[in-house]
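Notes to accompany the following structure.
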Amino acid sequence: MNLTQLTVFREVMETGSISQTAKKLNRTQPAISLALKNLEKTLGLPLFERKGRRLVPVPEAHYLLAETTGILDRLATISNTMEGLIKGHSGSLNIATMPGPSTFLFPRFISQSVGENPEIRITLSTRSSPQIMELAGSQNIDFGFADFEHSAGKAPQYSAELIRADCFCAIDIEHPLASKQSISISELDGVPMGGLHSTHPFQRKIRKEFQDASANYNPTVTCQFFLPLIPFVSSGQCCTIVDPLTVATERELNPSNGKVVFVPFDNPLRYEYAILEPDHRPPSQLALKIRAGWKAEVLKMLKELKANPCTEWYGEEKGE
C-alpha cells in the first residue's frame, strides 16, 4: 500500500464512482482504476463489488476506511505542521536580549511579528550581555541581542553580527548644554554624570574618552542599563551618555515627559550591538525569520532617528 492508493480508496468510498474520484483528484479514470486494482492486489481481496457504474464496498472495505482515515488525517496534520515550520508560521523560539531593548522595543517587535498565532511558542529572557554570550556559546538559545564584547580566552562557539551606531548625550532641557546642536566630551568636564557599572565595556570606553580629552569624569548615578538613568537626567541631577536604542525607547514611551533632549557629539562616539547566533544549533525557519526581522527593525529605527530634524545622527551596519 502507498499513500496514493489509500487516497484513491478513501475518495472512491465517499463517491462510489471512479469518474467522480478522478475528477476530484484531478487524475484520469484509468489511473484511478489502476491504483484501486493494485491496492486490492496488495491486500489479496476485492474491496468493491461492481454494480453497473457504481462501486459497492464489501464489509472489509469499511474497516480499511476507518484505518485509512486516521492515517491520512495524521499525514495531513504532519504536512500542515511542516508547512508552517518551513514558512516560519509555527514552532518554538528561545531568545535572550539585554535589559534596555527587552523593556519595550524587542517585545513589541516580537508581538507584532507573531500576532495571534497560537502555533508559535516564545521564550524571551532578559539577561546581561555576558550572560547572553554564555547562552549563545552553550547553544541554549536560538539567538540573542546584546552589547558587543570581544570574547576573552578560547574561541567563542557563536557568531556575532554587528550593528554600529552613534551615541547621544541625554541632557535636562533646562541645562545650558541642551540648546547646543552638538557637544564635545570636554564640555562635560566636571559635569555630574550618570553611567553604567564600572565593569561594563562601554563605561570603560566613556572613561577613556574623558581621559583622552583631559576632562574630569564626575559619576554621580550608576545603573545597570541606560533607561533607569533618564529620570535622574529629567530631574536635573546629571547628564548621561546613552545608546541610540535608548533614544528610540524614550521617544516611543516618553517617560521624561519631554524634559530630556538628546544631543549628538562633535566627534561621534560609537556604540556596538551584536546579534549572537550559536554555531552548533542550526536555526529553524522561524528563528531565521524573526532574527532577520529584528535586524531590519533595528536598522529602521536608526534611519527614523536619522530623519528626525531635531537630532542629527546615523547608524551603520558592519561593512557599510
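Numbering starts fresh at 1 for the residues of each chain in the C-alpha cells, the chains themselves are lettered A, B, ... in the order given, and ligands are numbered from 1 as they appear.
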
Could you go through region 24-146 of chain A and tell me which residues DSSP, when run on the backbone, assigns to strand (DSSP E or B), listing them as a list in words?
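Residues of region 24-146 of chain A classed as strand (DSSP E or B): Phe48, Glu49, Arg50, Lys51, Arg54, Leu55, Val56, Pro57, Gly91, Ser92, Leu93, Asn94, Ile95, Ala96, Thr97, Ile120, Arg121, Ile122, Thr123, Leu124, Ser125, Thr126, Phe143, Gly144, Phe145 and Ala146 of chain A.
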
Grab the residues selected above and save them as a PDB file, in the first residue's frame with C-alpha atoms.
```pdb
ATOM      1  CA  PHE A  48     -15.741  -3.339  -4.070  1.00  0.00           C
ATOM      2  CA  GLU A  49     -18.423  -5.114  -5.981  1.00  0.00           C
ATOM      3  CA  ARG A  50     -19.085  -3.573  -9.379  1.00  0.00           C
ATOM      4  CA  LYS A  51     -22.767  -2.913  -9.940  1.00  0.00           C
ATOM      5  CA  ARG A  54     -21.372   2.092  -9.029  1.00  0.00           C
ATOM      6  CA  LEU A  55     -18.845   0.526  -6.711  1.00  0.00           C
ATOM      7  CA  VAL A  56     -20.340  -1.062  -3.620  1.00  0.00           C
ATOM      8  CA  PRO A  57     -17.825  -1.609  -0.790  1.00  0.00           C
ATOM      9  CA  GLY A  91       7.368  26.378  16.107  1.00  0.00           C
ATOM     10  CA  SER A  92       9.127  27.477  19.280  1.00  0.00           C
ATOM     11  CA  LEU A  93      11.667  30.234  19.772  1.00  0.00           C
ATOM     12  CA  ASN A  94      14.070  30.860  22.644  1.00  0.00           C
ATOM     13  CA  ILE A  95      15.599  34.353  22.601  1.00  0.00           C
ATOM     14  CA  ALA A  96      17.627  36.413  25.052  1.00  0.00           C
ATOM     15  CA  THR A  97      18.120  40.170  24.934  1.00  0.00           C
ATOM     16  CA  ILE A 120       4.241  29.796  17.937  1.00  0.00           C
ATOM     17  CA  ARG A 121       5.736  29.481  21.409  1.00  0.00           C
ATOM     18  CA  ILE A 122       8.060  32.276  22.546  1.00  0.00           C
ATOM     19  CA  THR A 123      10.506  32.269  25.449  1.00  0.00           C
ATOM     20  CA  LEU A 124      12.030  35.733  25.892  1.00  0.00           C
ATOM     21  CA  SER A 125      14.683  36.155  28.560  1.00  0.00           C
ATOM     22  CA  THR A 126      16.273  39.358  29.822  1.00  0.00           C
ATOM     23  CA  PHE A 143      19.733  33.904  19.016  1.00  0.00           C
ATOM     24  CA  GLY A 144      20.459  36.813  21.312  1.00  0.00           C
ATOM     25  CA  PHE A 145      20.753  40.587  21.112  1.00  0.00           C
ATOM     26  CA  ALA A 146      23.441  42.168  23.260  1.00  0.00           C
TER      27      ALA A 146
END
```

Would you kindly return, as a PyMOL selection string, each protein, DNA or RNA residue with an atom no farther than 8 Å from any atom of Ile18 (chain A), considering only C-alpha atoms and excluding same-chain residues fewer than 5 positions away?
chain A and resi 12+29+32-33

Just write the chosen residues, all heavy atoms, as a PDB file, in the first residue's frame.
```pdb
ATOM      1  N   VAL A  12     -12.984   6.947  -3.379  1.00  0.00           N
ATOM      2  CA  VAL A  12     -13.957   6.045  -4.006  1.00  0.00           C
ATOM      3  C   VAL A  12     -15.010   5.624  -2.994  1.00  0.00           C
ATOM      4  O   VAL A  12     -16.202   5.507  -3.314  1.00  0.00           O
ATOM      5  CB  VAL A  12     -13.253   4.817  -4.613  1.00  0.00           C
ATOM      6  CG1 VAL A  12     -14.281   3.780  -5.079  1.00  0.00           C
ATOM      7  CG2 VAL A  12     -12.368   5.226  -5.781  1.00  0.00           C
ATOM      8  N   GLN A  29      -9.314   8.509 -15.274  1.00  0.00           N
ATOM      9  CA  GLN A  29     -10.033   7.343 -14.760  1.00  0.00           C
ATOM     10  C   GLN A  29      -9.186   6.078 -14.801  1.00  0.00           C
ATOM     11  O   GLN A  29      -9.213   5.292 -13.847  1.00  0.00           O
ATOM     12  CB  GLN A  29     -11.336   7.154 -15.546  1.00  0.00           C
ATOM     13  CG  GLN A  29     -12.354   8.260 -15.297  1.00  0.00           C
ATOM     14  CD  GLN A  29     -13.699   7.979 -15.949  1.00  0.00           C
ATOM     15  OE1 GLN A  29     -14.183   6.836 -15.955  1.00  0.00           O
ATOM     16  NE2 GLN A  29     -14.315   9.024 -16.504  1.00  0.00           N
ATOM     17  N   ILE A  32      -7.007   6.015 -11.766  1.00  0.00           N
ATOM     18  CA  ILE A  32      -7.756   5.705 -10.544  1.00  0.00           C
ATOM     19  C   ILE A  32      -8.046   4.202 -10.485  1.00  0.00           C
ATOM     20  O   ILE A  32      -7.875   3.556  -9.441  1.00  0.00           O
ATOM     21  CB  ILE A  32      -9.063   6.509 -10.493  1.00  0.00           C
ATOM     22  CG1 ILE A  32      -8.772   8.013 -10.434  1.00  0.00           C
ATOM     23  CG2 ILE A  32      -9.915   6.074  -9.308  1.00  0.00           C
ATOM     24  CD1 ILE A  32      -7.992   8.450  -9.224  1.00  0.00           C
ATOM     25  N   SER A  33      -8.477   3.637 -11.605  1.00  0.00           N
ATOM     26  CA  SER A  33      -8.794   2.205 -11.640  1.00  0.00           C
ATOM     27  C   SER A  33      -7.561   1.371 -11.351  1.00  0.00           C
ATOM     28  O   SER A  33      -7.628   0.368 -10.623  1.00  0.00           O
ATOM     29  CB  SER A  33      -9.366   1.842 -13.017  1.00  0.00           C
ATOM     30  OG  SER A  33     -10.593   2.517 -13.249  1.00  0.00           O
TER      31      SER A  33
END
```

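The interatomic distance for the pair CA of Gly100 (chain A) and CA of Lys180 (chain A) works out to 26.5 Å.
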
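Closest approach to Thr240 (chain A) among A:Asp172, A:Glu252, A:Asp212, A:Glu304 is made by A:Asp172 (distances from only C-alpha atoms).
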
From CA of Arg164 (chain A) to CA of Cys238 (chain A) the spacing works out at 25.8 Å

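The interatomic distance for the pair CA of Val233 (chain A) and CA of Ile171 (chain A) works out to 6.1 Å.
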
Counting only C-alpha atoms, what is within 9 Å of region 291-296 of chain A, bar same-chain residues fewer than 6 positions away, as a list in words?
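The residues satisfying every condition are Phe106, Phe109, Ile110, Ser113, Asp142, Phe143, Gly144, Ile163 and Ile275 of chain A.
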
Output file for the selection above: all heavy atoms, as a PDB file, in the first residue's frame:
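Full text of part06.pdb as output:
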```pdb
ATOM      1  N   PHE A 106      11.952  45.308  21.900  1.00  0.00           N
ATOM      2  CA  PHE A 106      12.015  43.923  21.433  1.00  0.00           C
ATOM      3  C   PHE A 106      10.692  43.187  21.650  1.00  0.00           C
ATOM      4  O   PHE A 106      10.208  42.516  20.732  1.00  0.00           O
ATOM      5  CB  PHE A 106      13.174  43.193  22.118  1.00  0.00           C
ATOM      6  CG  PHE A 106      13.555  41.919  21.417  1.00  0.00           C
ATOM      7  CD1 PHE A 106      14.243  41.953  20.214  1.00  0.00           C
ATOM      8  CD2 PHE A 106      13.217  40.682  21.946  1.00  0.00           C
ATOM      9  CE1 PHE A 106      14.587  40.780  19.564  1.00  0.00           C
ATOM     10  CE2 PHE A 106      13.562  39.510  21.305  1.00  0.00           C
ATOM     11  CZ  PHE A 106      14.258  39.569  20.107  1.00  0.00           C
ATOM     12  N   PHE A 109       8.278  44.269  18.953  1.00  0.00           N
ATOM     13  CA  PHE A 109       8.579  43.665  17.655  1.00  0.00           C
ATOM     14  C   PHE A 109       8.119  42.206  17.609  1.00  0.00           C
ATOM     15  O   PHE A 109       7.484  41.773  16.644  1.00  0.00           O
ATOM     16  CB  PHE A 109      10.082  43.736  17.372  1.00  0.00           C
ATOM     17  CG  PHE A 109      10.525  42.816  16.272  1.00  0.00           C
ATOM     18  CD1 PHE A 109      10.249  43.116  14.947  1.00  0.00           C
ATOM     19  CD2 PHE A 109      11.177  41.625  16.570  1.00  0.00           C
ATOM     20  CE1 PHE A 109      10.624  42.258  13.930  1.00  0.00           C
ATOM     21  CE2 PHE A 109      11.556  40.759  15.559  1.00  0.00           C
ATOM     22  CZ  PHE A 109      11.274  41.079  14.234  1.00  0.00           C
ATOM     23  N   ILE A 110       8.417  41.446  18.656  1.00  0.00           N
ATOM     24  CA  ILE A 110       8.037  40.035  18.683  1.00  0.00           C
ATOM     25  C   ILE A 110       6.521  39.884  18.633  1.00  0.00           C
ATOM     26  O   ILE A 110       5.985  39.068  17.877  1.00  0.00           O
ATOM     27  CB  ILE A 110       8.592  39.338  19.944  1.00  0.00           C
ATOM     28  CG1 ILE A 110      10.128  39.273  19.888  1.00  0.00           C
ATOM     29  CG2 ILE A 110       8.015  37.938  20.080  1.00  0.00           C
ATOM     30  CD1 ILE A 110      10.675  38.390  18.800  1.00  0.00           C
ATOM     31  N   SER A 113       5.254  40.601  15.221  1.00  0.00           N
ATOM     32  CA  SER A 113       5.673  39.587  14.256  1.00  0.00           C
ATOM     33  C   SER A 113       4.867  38.306  14.398  1.00  0.00           C
ATOM     34  O   SER A 113       4.475  37.682  13.408  1.00  0.00           O
ATOM     35  CB  SER A 113       7.170  39.278  14.434  1.00  0.00           C
ATOM     36  OG  SER A 113       7.955  40.419  14.203  1.00  0.00           O
ATOM     37  N   ASP A 142      18.142  30.379  20.507  1.00  0.00           N
ATOM     38  CA  ASP A 142      18.138  30.456  19.046  1.00  0.00           C
ATOM     39  C   ASP A 142      18.967  31.642  18.572  1.00  0.00           C
ATOM     40  O   ASP A 142      19.704  31.546  17.596  1.00  0.00           O
ATOM     41  CB  ASP A 142      16.705  30.563  18.530  1.00  0.00           C
ATOM     42  CG  ASP A 142      15.945  29.262  18.726  1.00  0.00           C
ATOM     43  OD1 ASP A 142      16.340  28.259  18.110  1.00  0.00           O
ATOM     44  OD2 ASP A 142      14.971  29.240  19.494  1.00  0.00           O
ATOM     45  N   PHE A 143      18.832  32.779  19.247  1.00  0.00           N
ATOM     46  CA  PHE A 143      19.733  33.904  19.016  1.00  0.00           C
ATOM     47  C   PHE A 143      19.570  34.892  20.165  1.00  0.00           C
ATOM     48  O   PHE A 143      18.633  34.802  20.967  1.00  0.00           O
ATOM     49  CB  PHE A 143      19.487  34.583  17.661  1.00  0.00           C
ATOM     50  CG  PHE A 143      18.232  35.404  17.552  1.00  0.00           C
ATOM     51  CD1 PHE A 143      18.220  36.752  17.914  1.00  0.00           C
ATOM     52  CD2 PHE A 143      17.062  34.850  17.071  1.00  0.00           C
ATOM     53  CE1 PHE A 143      17.076  37.505  17.804  1.00  0.00           C
ATOM     54  CE2 PHE A 143      15.902  35.604  16.949  1.00  0.00           C
ATOM     55  CZ  PHE A 143      15.913  36.942  17.327  1.00  0.00           C
ATOM     56  N   GLY A 144      20.513  35.805  20.262  1.00  0.00           N
ATOM     57  CA  GLY A 144      20.459  36.813  21.312  1.00  0.00           C
ATOM     58  C   GLY A 144      20.817  38.173  20.762  1.00  0.00           C
ATOM     59  O   GLY A 144      21.433  38.291  19.700  1.00  0.00           O
ATOM     60  N   ILE A 163      26.022  45.704  14.614  1.00  0.00           N
ATOM     61  CA  ILE A 163      25.356  46.914  14.139  1.00  0.00           C
ATOM     62  C   ILE A 163      25.937  48.061  14.960  1.00  0.00           C
ATOM     63  O   ILE A 163      25.848  48.049  16.194  1.00  0.00           O
ATOM     64  CB  ILE A 163      23.826  46.849  14.319  1.00  0.00           C
ATOM     65  CG1 ILE A 163      23.249  45.690  13.511  1.00  0.00           C
ATOM     66  CG2 ILE A 163      23.191  48.169  13.887  1.00  0.00           C
ATOM     67  CD1 ILE A 163      21.746  45.504  13.714  1.00  0.00           C
ATOM     68  N   ILE A 275      24.076  40.754  17.223  1.00  0.00           N
ATOM     69  CA  ILE A 275      23.113  39.657  17.154  1.00  0.00           C
ATOM     70  C   ILE A 275      23.932  38.375  17.228  1.00  0.00           C
ATOM     71  O   ILE A 275      24.754  38.108  16.346  1.00  0.00           O
ATOM     72  CB  ILE A 275      22.291  39.710  15.857  1.00  0.00           C
ATOM     73  CG1 ILE A 275      21.482  41.008  15.788  1.00  0.00           C
ATOM     74  CG2 ILE A 275      21.355  38.505  15.775  1.00  0.00           C
ATOM     75  CD1 ILE A 275      20.706  41.181  14.501  1.00  0.00           C
TER      76      ILE A 275
END
```

Using backbone DSSP assignments, extract all helix (DSSP H, G or I) residues from region 8-169 of chain A; output them as a PyMOL selection string.
chain A and resi 8-15+18-25+29-43+59-86+99-103+105-114+129-137

For region 197-204 of chain A, please output as a PyMOL selection string all residues within 9 Å (counting only C-alpha atoms; exclusion window: fewer than 5 positions along the same chain).
chain A and resi 147-149+209+222-225+271

Could the residues in this selection be saved with C-alpha atoms as a PDB file, in the first residue's frame?
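Done, and the output landed in selection_22.pdb:
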```
ATOM      1  CA  ASP A 147      26.131  44.774  23.610  1.00  0.00           C
ATOM      2  CA  PHE A 148      29.112  43.616  21.614  1.00  0.00           C
ATOM      3  CA  GLU A 149      32.045  42.464  23.699  1.00  0.00           C
ATOM      4  CA  GLU A 209      37.109  59.312  26.167  1.00  0.00           C
ATOM      5  CA  THR A 222      25.195  54.367  38.428  1.00  0.00           C
ATOM      6  CA  CYS A 223      22.664  51.941  36.932  1.00  0.00           C
ATOM      7  CA  GLN A 224      22.741  48.523  35.291  1.00  0.00           C
ATOM      8  CA  PHE A 225      21.425  49.870  31.982  1.00  0.00           C
ATOM      9  CA  TYR A 271      28.084  52.026  20.190  1.00  0.00           C
TER      10      TYR A 271
END
```

Do you know which residues are at most 8 Å from Ala35 (chain A) counting only C-alpha atoms, after dropping those on the same chain fewer than 6 positions away, and could you put them as a list of chain:residue names?
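These residues fall inside the cut-off: A:Thr4, A:Gln5, A:Val8.
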
A:Arg10, A:His150, A:Phe262, A:Glu67 ranked by distance to Gln181 (chain A), top pick (using only C-alpha atoms)
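Checking each candidate against Gln181 (chain A), we get A:Phe262 as the closest.
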
Pick the closest to Gly236 (chain A) from A:Ser111, A:Ser186, A:Ser128, A:Ser256: which is it, counting only C-alpha atoms?
A:Ser256

Tell me which of A:Leu105, A:Ala61, A:Leu229, A:Ile183 sits closest to Leu253 (chain A), counting only C-alpha atoms.
A:Leu105

Of the candidates A:Asn2, A:Asn267, A:Thr246, A:Gln285, which one gets nearest to Thr103 (chain A) if we count only C-alpha atoms?
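Checking each candidate against Thr103 (chain A), we get A:Thr246 as the closest.
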